[in-house]
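Dropping input-v2.txt in here (compact mmCIF, C-alpha atoms):
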```
# COMPACT_ATOMS: atom_id res chain seq x y z
CA MET A 1 115.48 97.87 82.15
CA ARG A 2 113.97 95.08 84.21
CA HIS A 3 116.36 95.08 87.14
CA HIS A 4 114.82 94.17 90.49
CA SER A 5 111.41 93.35 89.00
CA VAL A 6 111.37 89.78 90.25
CA ASN A 7 107.91 89.66 91.87
CA ARG A 8 105.12 87.93 90.01
CA LYS A 9 102.18 90.19 89.25
CA PHE A 10 99.44 87.54 88.81
CA GLY A 11 97.52 89.98 86.60
CA ARG A 12 96.44 91.97 89.66
CA THR A 13 96.90 95.47 90.99
CA ARG A 14 99.21 96.02 93.95
CA LYS A 15 96.42 96.19 96.56
CA VAL A 16 94.80 92.98 95.33
CA ARG A 17 98.17 91.23 95.14
CA THR A 18 98.96 92.27 98.71
CA ALA A 19 95.59 90.97 99.88
CA LEU A 20 96.24 87.68 98.05
CA MET A 21 99.59 87.21 99.81
CA ARG A 22 98.07 88.09 103.20
CA ASP A 23 95.25 85.59 102.74
CA LEU A 24 97.53 82.82 101.47
CA ALA A 25 99.97 83.42 104.33
CA ALA A 26 97.20 83.41 106.94
CA SER A 27 95.76 80.18 105.51
CA LEU A 28 99.17 78.52 105.49
CA ILE A 29 99.90 79.59 109.06
CA LEU A 30 96.54 78.44 110.41
CA ARG A 31 96.34 75.15 108.45
CA GLU A 32 100.12 74.50 108.14
CA LYS A 33 99.57 73.06 104.64
CA ILE A 34 97.74 74.45 101.59
CA THR A 35 97.38 73.55 97.93
CA THR A 36 97.65 76.34 95.37
CA THR A 37 99.25 77.04 92.00
CA ALA A 38 103.00 76.57 91.73
CA ALA A 39 103.64 80.25 90.98
CA LYS A 40 101.66 81.41 94.03
CA ALA A 41 103.47 78.89 96.25
CA LYS A 42 106.86 80.10 95.03
CA GLU A 43 105.89 83.70 95.68
CA LEU A 44 104.42 82.86 99.11
CA ARG A 45 107.48 81.02 100.42
CA PRO A 46 109.78 84.03 101.11
CA TYR A 47 106.82 86.04 102.45
CA VAL A 48 106.00 83.41 105.07
CA GLU A 49 109.61 82.65 105.96
CA LYS A 50 110.22 86.32 106.78
CA LEU A 51 107.15 86.27 109.02
CA VAL A 52 108.44 83.22 110.90
CA THR A 53 111.81 84.92 111.37
CA ILE A 54 110.05 87.98 112.81
CA ALA A 55 108.03 85.73 115.17
CA LYS A 56 111.06 83.96 116.67
CA PRO A 57 111.94 86.57 119.34
CA ALA A 58 108.27 86.62 120.55
CA THR A 59 108.30 90.28 121.62
CA LEU A 60 105.44 92.74 121.65
CA ALA A 61 107.03 94.61 118.75
CA ALA A 62 107.21 91.39 116.72
CA ARG A 63 103.54 90.67 117.47
CA ARG A 64 102.54 94.14 116.28
CA VAL A 65 104.57 93.82 113.07
CA LEU A 66 102.96 90.44 112.36
CA ILE A 67 99.46 91.77 112.95
CA SER A 68 100.15 94.69 110.60
CA ARG A 69 101.53 92.38 107.89
CA LEU A 70 98.80 89.72 108.19
CA GLY A 71 95.84 91.97 108.98
CA THR A 72 94.37 89.71 111.68
CA GLU A 73 95.40 88.53 115.11
CA ALA A 74 94.80 84.75 114.91
CA PRO A 75 97.67 83.84 112.55
CA ALA A 76 100.01 86.26 114.35
CA LYS A 77 99.17 84.59 117.66
CA LYS A 78 99.88 81.14 116.24
CA LEU A 79 103.20 82.35 114.80
CA ILE A 80 104.31 83.82 118.14
CA GLU A 81 103.10 81.00 120.39
CA ILE A 82 103.57 77.83 118.30
CA LEU A 83 105.63 78.23 115.14
CA GLY A 84 108.21 80.71 116.47
CA PRO A 85 109.38 78.48 119.34
CA LYS A 86 109.20 75.40 117.08
CA TYR A 87 111.76 76.90 114.65
CA LYS A 88 113.83 78.77 117.27
CA ALA A 89 117.00 76.75 116.57
CA ARG A 90 116.49 76.58 112.80
CA ALA A 91 118.33 79.17 110.70
CA GLY A 92 115.84 79.21 107.81
CA GLY A 93 114.01 76.97 105.39
CA TYR A 94 110.78 76.66 107.34
CA THR A 95 108.62 75.71 104.35
CA ARG A 96 108.62 73.02 101.68
CA ILE A 97 107.01 73.12 98.23
CA MET A 98 105.93 69.83 96.63
CA LYS A 99 104.69 69.72 93.05
CA LEU A 100 101.30 68.13 92.35
CA PRO A 101 99.62 67.08 89.08
CA VAL A 102 98.18 69.84 86.90
CA ARG A 103 94.65 71.05 87.54
CA LYS A 104 92.18 69.35 85.18
CA SER A 105 90.03 72.39 84.47
CA ASP A 106 92.67 74.76 83.14
CA GLY A 107 95.94 72.82 83.20
CA ALA A 108 97.52 75.06 85.82
CA PRO A 109 100.52 73.49 87.60
CA GLN A 110 99.61 72.82 91.23
CA ALA A 111 101.83 72.71 94.30
CA MET A 112 101.46 72.05 98.01
CA ILE A 113 103.30 74.32 100.42
CA GLU A 114 103.71 73.22 104.03
CA PHE A 115 105.84 73.83 107.10
CA VAL A 116 108.63 71.31 107.61
```
Just give me the structure as structure tokens.
Amino acid sequence: MRHHSVNRKFGRTRKVRTALMRDLAASLILREKITTTAAKAKELRPYVEKLVTIAKPATLAARRVLISRLGTEAPAKKLIEILGPKYKARAGGYTRIMKLPVRKSDGAPQAMIEFV
């Protein structure tokens, strides 16, 4: 049965898929807007929104969890110092996905994900 198998695999092993999500999340946090495929954007959205929710209390424990999930300190620092306080009063829905035209080379549907 296929219950609870909702994550997209992207034709990658678990370690590579985890690294992909970490890198996409770090890029989105540092740049606040990235363009990627629609499937990757849809998979990235809940990952990033959970990180923003963790960053809202701005505690040392939250900072350590963010560093462990993202792998580096720069995006965790930006989450704690800038994005966490910015969305303190917001209950959720920190990101927006906008569809873009398909990529010419392979016809992949593109999307832009950004913070609101």
Counting only C-alpha atoms, what is within 10 Å of A:Glu73, bar same-chain residues fewer than 6 positions away, as a PDB file with C-alpha atoms, in the coordinates of the input?
```
ATOM      1  CA  ALA A  26      97.200  83.410 106.940  1.00  0.00           C
ATOM      2  CA  ARG A  63     103.540  90.670 117.470  1.00  0.00           C
ATOM      3  CA  ARG A  64     102.540  94.140 116.280  1.00  0.00           C
ATOM      4  CA  LEU A  66     102.960  90.440 112.360  1.00  0.00           C
ATOM      5  CA  ILE A  67      99.460  91.770 112.950  1.00  0.00           C
ATOM      6  CA  LEU A  79     103.200  82.350 114.800  1.00  0.00           C
TER       7      LEU A  79
END
```
Considering all atoms listed in the file, state which residue in the set A:Ala111, A:Leu100, A:Val6, A:Leu70 is at the smallest distance from A:Met21.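 Smallest distance to A:Met21 is found for A:Leu70.
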Any idea what's packed within 12 Å of A:Lys40, counting all atoms listed in the file, ignoring anything in its chain fewer than 6 positions away? Could you give it as JSON, numbers by chain? {"A": [7, 8, 9, 10, 17, 20, 21, 22, 23, 24, 25, 34, 46, 47, 97, 108, 109, 110, 111, 112, 113]}
Check the smallest atom-to-atom distance from each of A:Thr37, A:Thr95, A:Ser5, A:Thr72 to A:Glu49 using only C-alpha atoms, then report the winner. A:Thr95
In terms of the shortest atom-to-atom distance over only C-alpha atoms, which of A:Lys104, A:Ala62, A:Val116, A:Ser27 is closest to A:Ala74? A:Ser27
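Nearest to A:Gly93 of all the residues A:Thr53, A:Thr59, A:Ser105, A:Glu81 is A:Thr53, based on only C-alpha atoms.
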